[in-house]
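Asker: Just one file: entry_9.pdb, with PDB, C-alpha atoms.
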ATOM      1  CA  MET A   1     167.876 203.973 146.153
ATOM      2  CA  GLY A   2     170.876 203.355 143.886
ATOM      3  CA  SER A   3     172.743 205.788 141.709
ATOM      4  CA  LEU A   4     169.665 207.722 140.573
ATOM      5  CA  ALA A   5     169.203 209.528 143.880
ATOM      6  CA  SER A   6     172.914 210.329 144.197
ATOM      7  CA  SER A   7     172.827 212.202 140.896
ATOM      8  CA  ILE A   8     169.949 214.434 142.003
ATOM      9  CA  LYS A   9     170.394 217.674 143.943
ATOM     10  CA  ILE A  10     167.425 219.160 145.769
ATOM     11  CA  ALA A  11     167.400 222.697 147.154
ATOM     12  CA  ILE A  12     165.720 223.189 150.534
ATOM     13  CA  ASP A  13     164.794 226.845 150.880
ATOM     14  CA  ALA A  14     163.913 228.097 154.374
ATOM     15  CA  GLY A  15     161.526 230.990 153.924
ATOM     16  CA  HIS A  16     162.383 234.516 155.140
ATOM     17  CA  GLY A  17     165.018 235.364 157.781
ATOM     18  CA  SER A  18     165.142 235.181 161.564
ATOM     19  CA  ASN A  19     164.253 238.853 161.983
ATOM     20  CA  THR A  20     162.037 239.441 158.938
ATOM     21  CA  ALA A  21     159.313 241.883 159.956
ATOM     22  CA  GLY A  22     155.828 240.434 160.290
ATOM     23  CA  LYS A  23     156.770 236.818 159.621
ATOM     24  CA  ARG A  24     155.796 235.512 163.047
ATOM     25  CA  THR A  25     152.826 234.459 165.137
ATOM     26  CA  PRO A  26     150.777 236.849 167.224
ATOM     27  CA  PRO A  27     151.939 236.829 170.888
ATOM     28  CA  MET A  28     151.612 233.300 172.237
ATOM     29  CA  PRO A  29     149.299 232.915 175.266
ATOM     30  CA  GLU A  30     151.537 230.244 176.824
ATOM     31  CA  ASP A  31     155.150 229.085 176.962
ATOM     32  CA  ILE A  32     156.281 226.951 174.025
ATOM     33  CA  ASP A  33     158.802 224.116 174.335
ATOM     34  CA  PHE A  34     159.696 223.049 170.779
ATOM     35  CA  ASP A  35     161.271 219.715 171.639
ATOM     36  CA  GLN A  36     159.565 218.881 174.956
ATOM     37  CA  ASP A  37     162.833 218.901 176.868
ATOM     38  CA  GLY A  38     161.416 220.923 179.741
ATOM     39  CA  ILE A  39     163.133 224.141 178.662
ATOM     40  CA  VAL A  40     161.037 227.000 177.312
ATOM     41  CA  ASP A  41     161.943 228.125 173.787
ATOM     42  CA  ILE A  42     159.280 230.824 173.411
ATOM     43  CA  LYS A  43     157.976 232.564 176.504
ATOM     44  CA  LYS A  44     154.387 233.599 177.025
ATOM     45  CA  ASN A  45     153.588 236.821 175.082
ATOM     46  CA  GLU A  46     156.520 236.233 172.697
ATOM     47  CA  SER A  47     156.035 235.275 169.055
ATOM     48  CA  ILE A  48     157.321 232.249 167.179
ATOM     49  CA  ARG A  49     159.276 233.565 164.200
ATOM     50  CA  GLU A  50     158.376 231.765 161.002
ATOM     51  CA  HIS A  51     162.008 231.285 159.921
ATOM     52  CA  ILE A  52     162.799 229.396 163.143
ATOM     53  CA  ALA A  53     160.162 226.779 162.344
ATOM     54  CA  ASN A  54     161.083 226.807 158.647
ATOM     55  CA  VAL A  55     164.691 225.943 159.519
ATOM     56  CA  GLY A  56     163.522 223.339 162.038
ATOM     57  CA  VAL A  57     161.735 221.505 159.228
ATOM     58  CA  SER A  58     164.570 222.139 156.745
ATOM     59  CA  VAL A  59     167.232 220.592 158.993
ATOM     60  CA  LEU A  60     165.164 217.436 159.433
ATOM     61  CA  LEU A  61     164.243 217.290 155.731
ATOM     62  CA  ALA A  62     167.918 217.544 154.765
ATOM     63  CA  LYS A  63     168.666 214.508 156.962
ATOM     64  CA  GLU A  64     165.806 212.595 155.372
ATOM     65  CA  LEU A  65     166.838 213.367 151.798
ATOM     66  CA  ARG A  66     170.522 212.650 152.422
ATOM     67  CA  ARG A  67     169.686 209.314 154.033
ATOM     68  CA  CYS A  68     167.751 208.469 150.865
ATOM     69  CA  GLY A  69     170.837 209.242 148.801
ATOM     70  CA  PHE A  70     170.003 212.714 147.435
ATOM     71  CA  GLN A  71     172.321 215.675 147.383
ATOM     72  CA  VAL A  72     171.009 218.699 149.286
ATOM     73  CA  PHE A  73     171.568 222.423 148.782
ATOM     74  CA  GLN A  74     170.720 224.682 151.727
ATOM     75  CA  SER A  75     169.060 227.918 150.635
ATOM     76  CA  ALA A  76     168.928 230.823 153.151
ATOM     77  CA  TRP A  77     170.026 228.672 156.129
ATOM     78  CA  ASP A  78     173.398 227.184 157.059
ATOM     79  CA  ASP A  79     172.876 225.087 160.197
ATOM     80  CA  ASP A  80     170.359 224.250 162.916
ATOM     81  CA  ASN A  81     170.802 227.654 164.547
ATOM     82  CA  ALA A  82     168.151 229.729 162.792
ATOM     83  CA  TYR A  83     168.511 232.784 164.998
ATOM     84  CA  ASP A  84     171.435 234.320 163.080
ATOM     85  CA  ASP A  85     170.111 233.899 159.520
ATOM     86  CA  GLU A  86     169.698 237.071 157.485
ATOM     87  CA  ASP A  87     166.756 237.327 155.078
ATOM     88  CA  VAL A  88     168.267 236.536 151.672
ATOM     89  CA  ASP A  89     166.410 238.329 148.887
ATOM     90  CA  LEU A  90     164.447 236.197 146.440
ATOM     91  CA  THR A  91     166.590 236.938 143.386
ATOM     92  CA  THR A  92     169.734 235.912 145.256
ATOM     93  CA  ARG A  93     168.052 232.707 146.403
ATOM     94  CA  GLN A  94     167.070 231.894 142.834
ATOM     95  CA  ASN A  95     170.559 232.596 141.510
ATOM     96  CA  LEU A  96     172.258 230.489 144.184
ATOM     97  CA  ILE A  97     169.969 227.529 143.510
ATOM     98  CA  LYS A  98     170.640 227.873 139.795
ATOM     99  CA  LYS A  99     174.405 228.153 140.341
ATOM    100  CA  ALA A 100     174.349 225.051 142.567
ATOM    101  CA  GLY A 101     172.835 223.053 139.716
ATOM    102  CA  CYS A 102     169.761 221.888 141.602
ATOM    103  CA  GLN A 103     167.263 219.894 139.562
ATOM    104  CA  TYR A 104     164.474 220.334 142.123
ATOM    105  CA  SER A 105     163.576 222.658 144.990
ATOM    106  CA  VAL A 106     161.145 222.991 147.860
ATOM    107  CA  SER A 107     160.567 226.172 149.857
ATOM    108  CA  ILE A 108     159.416 225.683 153.459
ATOM    109  CA  HIS A 109     156.832 228.076 154.927
ATOM    110  CA  PHE A 110     154.056 228.507 157.464
ATOM    111  CA  ASN A 111     150.959 230.365 156.317
ATOM    112  CA  ALA A 112     149.243 233.492 157.689
ATOM    113  CA  PHE A 113     145.903 235.231 157.417
ATOM    114  CA  GLY A 114     144.539 238.490 158.769
ATOM    115  CA  ASP A 115     146.388 241.366 160.414
ATOM    116  CA  GLY A 116     149.033 239.143 162.011
ATOM    117  CA  LYS A 117     148.327 240.649 165.443
ATOM    118  CA  THR A 118     145.529 238.320 166.493
ATOM    119  CA  PHE A 119     144.719 234.658 165.957
ATOM    120  CA  ASN A 120     141.872 233.593 163.679
ATOM    121  CA  SER A 121     140.261 230.421 162.301
ATOM    122  CA  ALA A 122     142.122 230.119 158.957
ATOM    123  CA  ASN A 123     143.771 226.702 158.919
ATOM    124  CA  GLY A 124     145.203 223.896 156.830
ATOM    125  CA  ILE A 125     148.077 222.761 154.672
ATOM    126  CA  CYS A 126     148.743 223.375 150.977
ATOM    127  CA  THR A 127     151.429 223.126 148.300
ATOM    128  CA  TYR A 128     152.110 225.677 145.567
ATOM    129  CA  TYR A 129     153.600 225.443 142.090
ATOM    130  CA  HIS A 130     154.146 228.225 139.546
ATOM    131  CA  SER A 131     151.099 229.596 137.757
ATOM    132  CA  ASN A 132     152.822 230.266 134.436
ATOM    133  CA  ASP A 133     155.985 228.261 133.919
ATOM    134  CA  ALA A 134     157.125 226.183 130.968
ATOM    135  CA  ARG A 135     157.687 223.257 133.347
ATOM    136  CA  ILE A 136     154.298 223.602 135.050
ATOM    137  CA  ASN A 137     153.245 219.983 134.481
ATOM    138  CA  ASP A 138     156.280 218.580 136.313
ATOM    139  CA  SER A 139     155.852 220.976 139.227
ATOM    140  CA  ARG A 140     152.102 220.323 139.372
ATOM    141  CA  ARG A 141     152.696 216.577 139.614
ATOM    142  CA  LEU A 142     155.411 216.958 142.270
ATOM    143  CA  ALA A 143     153.140 219.285 144.251
ATOM    144  CA  ALA A 144     150.251 216.817 144.092
ATOM    145  CA  ILE A 145     152.387 213.896 145.280
ATOM    146  CA  VAL A 146     153.950 215.849 148.155
ATOM    147  CA  GLN A 147     150.572 217.280 149.194
ATOM    148  CA  ASN A 148     149.128 213.776 149.224
ATOM    149  CA  HIS A 149     151.814 212.622 151.652
ATOM    150  CA  LEU A 150     151.455 215.742 153.832
ATOM    151  CA  SER A 151     147.704 215.172 154.099
ATOM    152  CA  LYS A 152     148.238 211.692 155.571
ATOM    153  CA  GLY A 153     149.834 213.014 158.763
ATOM    154  CA  THR A 154     148.414 215.210 161.508
ATOM    155  CA  LYS A 155     144.758 215.891 160.784
ATOM    156  CA  GLN A 156     144.453 219.265 159.047
ATOM    157  CA  ARG A 157     142.267 220.863 156.443
ATOM    158  CA  ASN A 158     143.643 219.722 153.087
ATOM    159  CA  ARG A 159     143.793 222.899 151.031
ATOM    160  CA  GLY A 160     145.206 220.977 148.078
ATOM    161  CA  THR A 161     147.637 222.286 145.486
ATOM    162  CA  ASN A 162     147.497 225.841 144.202
ATOM    163  CA  ARG A 163     149.068 227.887 141.443
ATOM    164  CA  GLY A 164     150.960 231.057 142.344
ATOM    165  CA  ALA A 165     153.494 233.377 140.727
ATOM    166  CA  PHE A 166     155.963 233.017 143.599
ATOM    167  CA  ALA A 167     159.693 233.473 143.045
ATOM    168  CA  MET A 168     160.637 230.239 144.816
ATOM    169  CA  VAL A 169     158.579 228.094 142.443
ATOM    170  CA  ASN A 170     159.810 229.794 139.279
ATOM    171  CA  CYS A 171     161.624 226.933 137.538
ATOM    172  CA  ALA A 172     162.786 229.143 134.671
ATOM    173  CA  ASN A 173     164.700 231.500 136.964
ATOM    174  CA  MET A 174     166.237 228.668 138.992
ATOM    175  CA  ASN A 175     166.730 226.314 136.043
ATOM    176  CA  THR A 176     165.020 223.517 137.972
ATOM    177  CA  LYS A 177     162.930 220.704 136.532
ATOM    178  CA  ALA A 178     160.238 221.141 139.186
ATOM    179  CA  SER A 179     159.841 223.450 142.186
ATOM    180  CA  ILE A 180     157.239 223.651 144.928
ATOM    181  CA  LEU A 181     156.442 225.730 148.022
ATOM    182  CA  VAL A 182     154.735 224.176 151.038
ATOM    183  CA  GLU A 183     152.628 226.035 153.621
ATOM    184  CA  LEU A 184     152.620 223.560 156.487
ATOM    185  CA  ALA A 185     150.126 225.218 158.849
ATOM    186  CA  PHE A 186     148.738 228.648 159.739
ATOM    187  CA  MET A 187     150.836 230.556 162.252
ATOM    188  CA  THR A 188     147.840 232.861 162.772
ATOM    189  CA  ASN A 189     145.723 229.926 163.993
ATOM    190  CA  LEU A 190     146.304 229.363 167.702
ATOM    191  CA  GLU A 191     145.975 225.567 167.616
ATOM    192  CA  GLU A 192     148.199 225.164 164.549
ATOM    193  CA  ALA A 193     150.752 227.644 165.892
ATOM    194  CA  THR A 194     150.914 225.819 169.221
ATOM    195  CA  LYS A 195     150.649 222.161 168.201
ATOM    196  CA  MET A 196     152.288 222.293 164.771
ATOM    197  CA  MET A 197     154.497 225.294 164.145
ATOM    198  CA  GLY A 198     155.697 225.162 167.755
ATOM    199  CA  ASP A 199     156.306 221.408 167.913
ATOM    200  CA  SER A 200     159.429 219.699 166.589
ATOM    201  CA  THR A 201     157.520 216.397 166.363
ATOM    202  CA  PHE A 202     155.326 217.999 163.686
ATOM    203  CA  TRP A 203     158.456 219.370 161.962
ATOM    204  CA  LYS A 204     159.829 215.835 161.756
ATOM    205  CA  GLU A 205     156.540 214.469 160.471
ATOM    206  CA  CYS A 206     156.458 217.053 157.666
ATOM    207  CA  ALA A 207     160.093 216.382 156.784
ATOM    208  CA  VAL A 208     159.383 212.659 156.415
ATOM    209  CA  GLU A 209     156.273 213.281 154.318
ATOM    210  CA  ILE A 210     157.992 215.737 151.967
ATOM    211  CA  CYS A 211     160.902 213.329 151.516
ATOM    212  CA  LYS A 212     158.518 210.459 150.759
ATOM    213  CA  GLY A 213     156.865 212.694 148.167
ATOM    214  CA  PHE A 214     160.165 213.358 146.417
ATOM    215  CA  CYS A 215     161.045 209.657 146.511
ATOM    216  CA  GLU A 216     157.728 208.709 144.944
ATOM    217  CA  TYR A 217     157.983 211.425 142.296
ATOM    218  CA  LEU A 218     161.561 210.436 141.409
ATOM    219  CA  LYS A 219     160.758 206.705 141.552
ATOM    220  CA  THR A 220     163.377 205.865 144.152
ATOM    221  CA  ASP A 221     163.068 204.041 147.470
ATOM    222  CA  TYR A 222     162.414 205.865 150.725
ATOM    223  CA  VAL A 223     164.944 204.681 153.297
ATOM    224  CA  GLU A 224     163.502 204.383 156.780
ATOM    225  CA  GLU A 225     165.476 205.826 159.662
ATOM    226  CA  VAL A 226     167.141 203.163 161.770
ATOM    227  CA  ILE A 227     166.899 204.017 165.445
ATOM    228  CA  GLU A 228     169.513 202.027 167.322
ATOM    229  CA  LYS A 229     168.827 200.851 170.834
ATOM    230  CA  LYS A 230     171.119 202.580 173.274
ATOM    231  CA  GLU A 231     173.082 200.181 175.389
ATOM    232  CA  LYS A 232     174.210 201.164 178.832
ATOM    233  CA  THR A 233     177.906 201.928 178.822
ATOM    234  CA  SER A 234     180.106 203.411 181.463
ATOM    235  CA  ALA A 235     181.683 206.799 180.860
ATOM    236  CA  SER A 236     185.101 205.168 180.761
ATOM    237  CA  ALA A 237     183.985 202.747 178.024
ATOM    238  CA  ALA A 238     182.355 205.446 175.887
ATOM    239  CA  LYS A 239     184.350 207.172 173.183
ATOM    240  CA  VAL A 240     185.448 210.588 174.367
ATOM    241  CA  LEU A 241     185.595 213.581 172.041
ATOM    242  CA  TYR A 242     187.296 216.838 172.949
ATOM    243  CA  GLN A 243     185.470 220.008 171.998
ATOM    244  CA  VAL A 244     187.311 223.327 171.864
ATOM    245  CA  GLN A 245     184.997 226.104 173.034
ATOM    246  CA  ALA A 246     185.935 229.772 172.657
ATOM    247  CA  GLY A 247     183.104 231.312 174.627
ATOM    248  CA  ALA A 248     179.541 230.936 175.876
ATOM    249  CA  TYR A 249     177.113 233.832 175.513
ATOM    250  CA  SER A 250     173.516 234.564 176.440
ATOM    251  CA  VAL A 251     173.295 237.105 173.604
ATOM    252  CA  MET A 252     173.568 235.814 170.032
ATOM    253  CA  ASP A 253     175.252 238.977 168.705
ATOM    254  CA  ASN A 254     178.134 238.521 171.132
ATOM    255  CA  ALA A 255     178.581 234.918 170.032
ATOM    256  CA  VAL A 256     178.579 235.982 166.372
ATOM    257  CA  LYS A 257     181.296 238.582 167.055
ATOM    258  CA  GLN A 258     183.430 235.984 168.835
ATOM    259  CA  LYS A 259     182.955 233.481 166.011
ATOM    260  CA  GLU A 260     184.112 236.102 163.489
ATOM    261  CA  LYS A 261     187.180 236.756 165.633
ATOM    262  CA  VAL A 262     187.989 233.030 165.697
ATOM    263  CA  ILE A 263     187.530 232.774 161.931
ATOM    264  CA  LYS A 264     189.901 235.711 161.401
ATOM    265  CA  ALA A 265     192.404 233.826 163.542
ATOM    266  CA  GLY A 266     192.423 231.108 160.907
ATOM    267  CA  TYR A 267     189.758 228.677 162.139
ATOM    268  CA  LYS A 268     187.221 229.013 159.339
ATOM    269  CA  SER A 269     185.184 225.988 160.446
ATOM    270  CA  ALA A 270     184.148 227.660 163.711
ATOM    271  CA  TYR A 271     180.418 227.582 164.374
ATOM    272  CA  ILE A 272     177.816 228.478 166.985
ATOM    273  CA  SER A 273     176.028 225.743 168.915
ATOM    274  CA  THR A 274     172.943 226.310 171.044
ATOM    275  CA  ASN A 275     172.900 224.866 174.543
ATOM    276  CA  LYS A 276     169.895 225.019 176.836
ATOM    277  CA  THR A 277     170.387 224.473 180.559
ATOM    278  CA  SER A 278     168.431 225.576 183.602
ATOM    279  CA  ASN A 279     165.780 227.228 181.459
ATOM    280  CA  LYS A 280     168.434 229.415 179.820
ATOM    281  CA  ARG A 281     169.720 229.422 176.250
ATOM    282  CA  LEU A 282     173.467 229.807 175.701
ATOM    283  CA  TYR A 283     175.274 230.278 172.401
ATOM    284  CA  LEU A 284     178.581 228.410 172.364
ATOM    285  CA  VAL A 285     181.385 229.283 169.953
ATOM    286  CA  ILE A 286     182.857 225.939 168.898
ATOM    287  CA  VAL A 287     186.234 225.899 167.156
ATOM    288  CA  GLY A 288     186.397 222.165 166.586
ATOM    289  CA  VAL A 289     185.855 218.662 167.960
ATOM    290  CA  PHE A 290     188.773 216.237 168.199
ATOM    291  CA  GLY A 291     189.245 212.576 168.978
ATOM    292  CA  VAL A 292     192.753 213.145 170.334
ATOM    293  CA  LYS A 293     193.163 215.496 173.304
ATOM    294  CA  SER A 294     196.623 216.666 172.269
ATOM    295  CA  ASN A 295     195.140 218.068 169.052
ATOM    296  CA  ALA A 296     192.567 220.007 171.043
ATOM    297  CA  ASP A 297     195.314 221.248 173.387
ATOM    298  CA  GLY A 298     197.253 222.519 170.390
ATOM    299  CA  VAL A 299     194.301 224.548 169.149
ATOM    300  CA  VAL A 300     193.768 226.093 172.598
ATOM    301  CA  LYS A 301     197.438 227.144 172.693
ATOM    302  CA  GLN A 302     197.297 228.635 169.200
ATOM    303  CA  LEU A 303     194.170 230.599 170.088
ATOM    304  CA  ALA A 304     195.841 231.902 173.241
ATOM    305  CA  LYS A 305     198.626 233.361 171.101
ATOM    306  CA  ARG A 306     195.925 235.342 169.304
ATOM    307  CA  ASN A 307     194.402 236.558 172.598
ATOM    308  CA  ILE A 308     191.430 234.209 172.366
ATOM    309  CA  VAL A 309     190.658 232.244 175.508
ATOM    310  CA  ALA A 310     189.338 228.742 174.863
ATOM    311  CA  ILE A 311     188.559 225.700 176.966
ATOM    312  CA  ILE A 312     188.205 221.996 176.271
ATOM    313  CA  THR A 313     184.958 220.204 177.123
ATOM    314  CA  ARG A 314     184.338 216.497 176.855
ATOM    315  CA  LYS A 315     181.666 214.917 174.662
ATOM    316  CA  TYR A 316     180.644 211.252 174.784
TER     317      TYR A 316
END
Show this structure as structure tokens.

Answerer:
Amino acid sequence: MGSLASSIKIAIDAGHGSNTAGKRTPPMPEDIDFDQDGIVDIKKNESIREHIANVGVSVLLAKELRRCGFQVFQSAWDDDNAYDDEDVDLTTRQNLIKKAGCQYSVSIHFNAFGDGKTFNSANGICTYYHSNDARINDSRRLAAIVQNHLSKGTKQRNRGTNRGAFAMVNCANMNTKASILVELAFMTNLEEATKMMGDSTFWKECAVEICKGFCEYLKTDYVEEVIEKKEKTSASAAKVLYQVQAGAYSVMDNAVKQKEKVIKAGYKSAYISTNKTSNKRLYLVIVGVFGVKSNADGVVKQLAKRNIVAIITRKY
């Protein structure tokens, strides 16, 4: 790994926005549970929005790249909650990646074919690079290496690497050394939409494969994830963290409004966390997490002075 990886910044661009028109599957014929936790994420006759899956992969890829020592820039997504992301226009995405000083970039997508209203047989995985860029050879080689790793995972049609005049592979506009765009499966293919786009295990697989591709291209070691065995500990022996929560909402817009109110009150690090219980999704407005309860108590009191009701919940 060493110092080489730490000097390299890679932009992970999550395609589209959570509400971008058309960028979604046809209505799904069955319930979809992304992470197999027993709670339905997409109900029957609803569509999986492409950006939700794009962010799912992006979050996991960021963890992979950071573990391998790379710096990561998040383009068009800010956290693991993809439901509140606006669709950032392509020029703005390019300019932000350029301003961040990224040497490389990858844009995450799921493919589509047909009218978008019905499923069809188009299938497979492919990687794009720019069709007419001064740095085409570097991008072509990166695309080939990443595509090779992607093709080793879940069995899919290998559609290879392709040239395209897409904004998110335009190295000149982003001032990157190499840029690629991956289409990980077809969201208009029922099997790929169900077993790939709608499955967080597949997201993780793709994240690992893309990261391995970057490591090979940049001649640095891929660092395997270390999964520690969980030892049984009593609640009293576990470390307790105190989370300050300023609301729980079933509607995302309400949570966003509350978060903005908390930020205006001076707590700029406030964020929204998704909690799924009893087959219901809740959006929690989290002000902060503290190791000392008195610090959490102080925040609750300060919020109360600003007419914001908050509670403290325990985390182990």

Asker: Taking the file as I've supplied it (selection: the PyMOL selection byres ((chain A and resi 130) around 6)), which residues are included? Please answer as a PDB file with C-alpha atoms, in the frame of the given file.

Answerer:
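And here is the file that came out, result-v8.pdb:
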ATOM      1  CA  TYR A 129     153.600 225.443 142.090  1.00  0.00           C
ATOM      2  CA  SER A 131     151.099 229.596 137.757  1.00  0.00           C
ATOM      3  CA  ASN A 132     152.822 230.266 134.436  1.00  0.00           C
ATOM      4  CA  ASP A 133     155.985 228.261 133.919  1.00  0.00           C
ATOM      5  CA  ARG A 163     149.068 227.887 141.443  1.00  0.00           C
ATOM      6  CA  GLY A 164     150.960 231.057 142.344  1.00  0.00           C
ATOM      7  CA  ALA A 165     153.494 233.377 140.727  1.00  0.00           C
ATOM      8  CA  VAL A 169     158.579 228.094 142.443  1.00  0.00           C
ATOM      9  CA  ASN A 170     159.810 229.794 139.279  1.00  0.00           C
TER      10      ASN A 170
END

Asker: Can you work out which one of A:Lys301, A:Lys264, A:Arg67, A:Lys177 has the shortest atom-to-atom distance to Asp221 (chain A), counting only C-alpha atoms?

Answerer: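 Looking only at the distances to Asp221 (chain A), the closest residue turns out to be A:Arg67.
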
Asker: Given the point (171.8, 214.8, 141.3) in the file's coordinates, find the residues that have an atom at most 12 Å from it, counting all atoms listed in the file, and give them as a tab-separated table (two decimals) with C-alpha atoms, keeping the file's coordinate frame.

Answerer:
chain	number	residue	atom	x	y	z
A	2	GLY	CA	170.88	203.36	143.89
A	3	SER	CA	172.74	205.79	141.71
A	4	LEU	CA	169.66	207.72	140.57
A	5	ALA	CA	169.20	209.53	143.88
A	6	SER	CA	172.91	210.33	144.20
A	7	SER	CA	172.83	212.20	140.90
A	8	ILE	CA	169.95	214.43	142.00
A	9	LYS	CA	170.39	217.67	143.94
A	10	ILE	CA	167.42	219.16	145.77
A	11	ALA	CA	167.40	222.70	147.15
A	65	LEU	CA	166.84	213.37	151.80
A	66	ARG	CA	170.52	212.65	152.42
A	69	GLY	CA	170.84	209.24	148.80
A	70	PHE	CA	170.00	212.71	147.44
A	71	GLN	CA	172.32	215.68	147.38
A	72	VAL	CA	171.01	218.70	149.29
A	73	PHE	CA	171.57	222.42	148.78
A	100	ALA	CA	174.35	225.05	142.57
A	101	GLY	CA	172.84	223.05	139.72
A	102	CYS	CA	169.76	221.89	141.60
A	103	GLN	CA	167.26	219.89	139.56
A	104	TYR	CA	164.47	220.33	142.12
A	105	SER	CA	163.58	222.66	144.99
A	176	THR	CA	165.02	223.52	137.97
A	177	LYS	CA	162.93	220.70	136.53
A	218	LEU	CA	161.56	210.44	141.41

Asker: Quick one: residues within 12 Å of (187.4, 228.0, 162.4) (file frame), counting only C-alpha atoms, please, as a list in words.

Answerer: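 Output: Val244, Gln245, Ala246, Gln258, Lys259, Glu260, Lys261, Val262, Ile263, Lys264, Ala265, Gly266, Tyr267, Lys268, Ser269, Ala270, Tyr271, Ile272, Val285, Ile286, Val287, Gly288, Val289, Val299 and Leu303 of chain A.
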
Asker: Which distance in Å separates CA of Thr127 (chain A) and CA of Thr194 (chain A), to one decimal?

Answerer: 21.1 Å

Asker: Rounded to one decimal, what separation in Å do you get between CA of Ala193 (chain A) and CA of Asp35 (chain A)?

Answerer: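 Going from CA of Ala193 (chain A) over to CA of Asp35 (chain A), I get 14.4 Å.
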
Asker: So which residues touch Cys68 (chain A) within 9 Å, counting only C-alpha atoms, skipping near sequence neighbours fewer than 4 positions away, as a short mmCIF file (atom, residue, chain, number, x, y, z; two decimals) with C-alpha atoms, keeping the file's coordinate frame?

Answerer:
data_model
loop_
_atom_site.label_atom_id
_atom_site.label_comp_id
_atom_site.auth_asym_id
_atom_site.auth_seq_id
_atom_site.Cartn_x
_atom_site.Cartn_y
_atom_site.Cartn_z
CA MET A 1 167.88 203.97 146.15
CA ALA A 5 169.20 209.53 143.88
CA SER A 6 172.91 210.33 144.20
CA LYS A 63 168.67 214.51 156.96
CA GLU A 64 165.81 212.60 155.37
CA CYS A 211 160.90 213.33 151.52
CA CYS A 215 161.04 209.66 146.51
CA THR A 220 163.38 205.86 144.15
CA ASP A 221 163.07 204.04 147.47
CA TYR A 222 162.41 205.86 150.72
CA VAL A 223 164.94 204.68 153.30
CA GLU A 224 163.50 204.38 156.78
#

Asker: Using the chain letters and numbers from the file, give me the residues hit by the PyMOL selection byres ((chain A and resi 85) around 10), as a short mmCIF file (atom, residue, chain, number, x, y, z; two decimals) with C-alpha atoms, in the frame of the given file.

Answerer:
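Listing of selection.cif after writing:
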data_model
loop_
_atom_site.label_atom_id
_atom_site.label_comp_id
_atom_site.auth_asym_id
_atom_site.auth_seq_id
_atom_site.Cartn_x
_atom_site.Cartn_y
_atom_site.Cartn_z
CA ALA A 14 163.91 228.10 154.37
CA HIS A 16 162.38 234.52 155.14
CA GLY A 17 165.02 235.36 157.78
CA SER A 18 165.14 235.18 161.56
CA ASN A 19 164.25 238.85 161.98
CA THR A 20 162.04 239.44 158.94
CA HIS A 51 162.01 231.28 159.92
CA ILE A 52 162.80 229.40 163.14
CA VAL A 55 164.69 225.94 159.52
CA ALA A 76 168.93 230.82 153.15
CA TRP A 77 170.03 228.67 156.13
CA ASP A 78 173.40 227.18 157.06
CA ASP A 79 172.88 225.09 160.20
CA ASN A 81 170.80 227.65 164.55
CA ALA A 82 168.15 229.73 162.79
CA TYR A 83 168.51 232.78 165.00
CA ASP A 84 171.44 234.32 163.08
CA GLU A 86 169.70 237.07 157.49
CA ASP A 87 166.76 237.33 155.08
CA VAL A 88 168.27 236.54 151.67
#

Asker: Please expand the PyMOL selection byres ((chain A and resi 196-207) around 9) into the concrete residues it hits in this file, giving the result as a compact mmCIF listing (two decimals) with C-alpha atoms, keeping the file's coordinate frame.

Answerer:
# COMPACT_ATOMS: atom_id res chain seq x y z
CA ILE A 32 156.28 226.95 174.02
CA ASP A 33 158.80 224.12 174.34
CA PHE A 34 159.70 223.05 170.78
CA ASP A 35 161.27 219.72 171.64
CA GLN A 36 159.56 218.88 174.96
CA ILE A 42 159.28 230.82 173.41
CA ILE A 48 157.32 232.25 167.18
CA GLU A 50 158.38 231.76 161.00
CA ALA A 53 160.16 226.78 162.34
CA ASN A 54 161.08 226.81 158.65
CA GLY A 56 163.52 223.34 162.04
CA VAL A 57 161.74 221.50 159.23
CA SER A 58 164.57 222.14 156.74
CA VAL A 59 167.23 220.59 158.99
CA LEU A 60 165.16 217.44 159.43
CA LEU A 61 164.24 217.29 155.73
CA ALA A 62 167.92 217.54 154.76
CA LYS A 63 168.67 214.51 156.96
CA GLU A 64 165.81 212.60 155.37
CA LEU A 65 166.84 213.37 151.80
CA PHE A 110 154.06 228.51 157.46
CA HIS A 149 151.81 212.62 151.65
CA LEU A 150 151.46 215.74 153.83
CA GLY A 153 149.83 213.01 158.76
CA THR A 154 148.41 215.21 161.51
CA LEU A 184 152.62 223.56 156.49
CA ALA A 185 150.13 225.22 158.85
CA PHE A 186 148.74 228.65 159.74
CA MET A 187 150.84 230.56 162.25
CA GLU A 191 145.98 225.57 167.62
CA GLU A 192 148.20 225.16 164.55
CA ALA A 193 150.75 227.64 165.89
CA THR A 194 150.91 225.82 169.22
CA LYS A 195 150.65 222.16 168.20
CA VAL A 208 159.38 212.66 156.42
CA GLU A 209 156.27 213.28 154.32
CA ILE A 210 157.99 215.74 151.97
CA CYS A 211 160.90 213.33 151.52
CA LYS A 212 158.52 210.46 150.76

Asker: Could you state the separation of CA of Pro27 (chain A) and CA of Asn162 (chain A) in Å, given to one decimal place?

Answerer: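 For CA of Pro27 (chain A) relative to CA of Asn162 (chain A), the distance reads 29.2 Å.
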
Asker: What's the 8 Å shell around Leu142 (chain A), counting all atoms listed in the file, without same-chain residues fewer than 3 positions away, as a compact mmCIF listing (two decimals) with C-alpha atoms, in the frame of the given file?

Answerer:
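Contents of selection-v7.txt, freshly written:
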# COMPACT_ATOMS: atom_id res chain seq x y z
CA ASP A 138 156.28 218.58 136.31
CA SER A 139 155.85 220.98 139.23
CA ILE A 145 152.39 213.90 145.28
CA VAL A 146 153.95 215.85 148.16
CA ALA A 178 160.24 221.14 139.19
CA SER A 179 159.84 223.45 142.19
CA ILE A 180 157.24 223.65 144.93
CA GLY A 213 156.86 212.69 148.17
CA PHE A 214 160.16 213.36 146.42
CA TYR A 217 157.98 211.42 142.30

Asker: Please determine, counting all atoms listed in the file, which residue among A:Gln243, A:Asp41, A:Lys280, A:Ala143 has the shortest atom-to-atom distance to Val292 (chain A).

Answerer: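 Under the stated criterion, the closest residue is A:Gln243.
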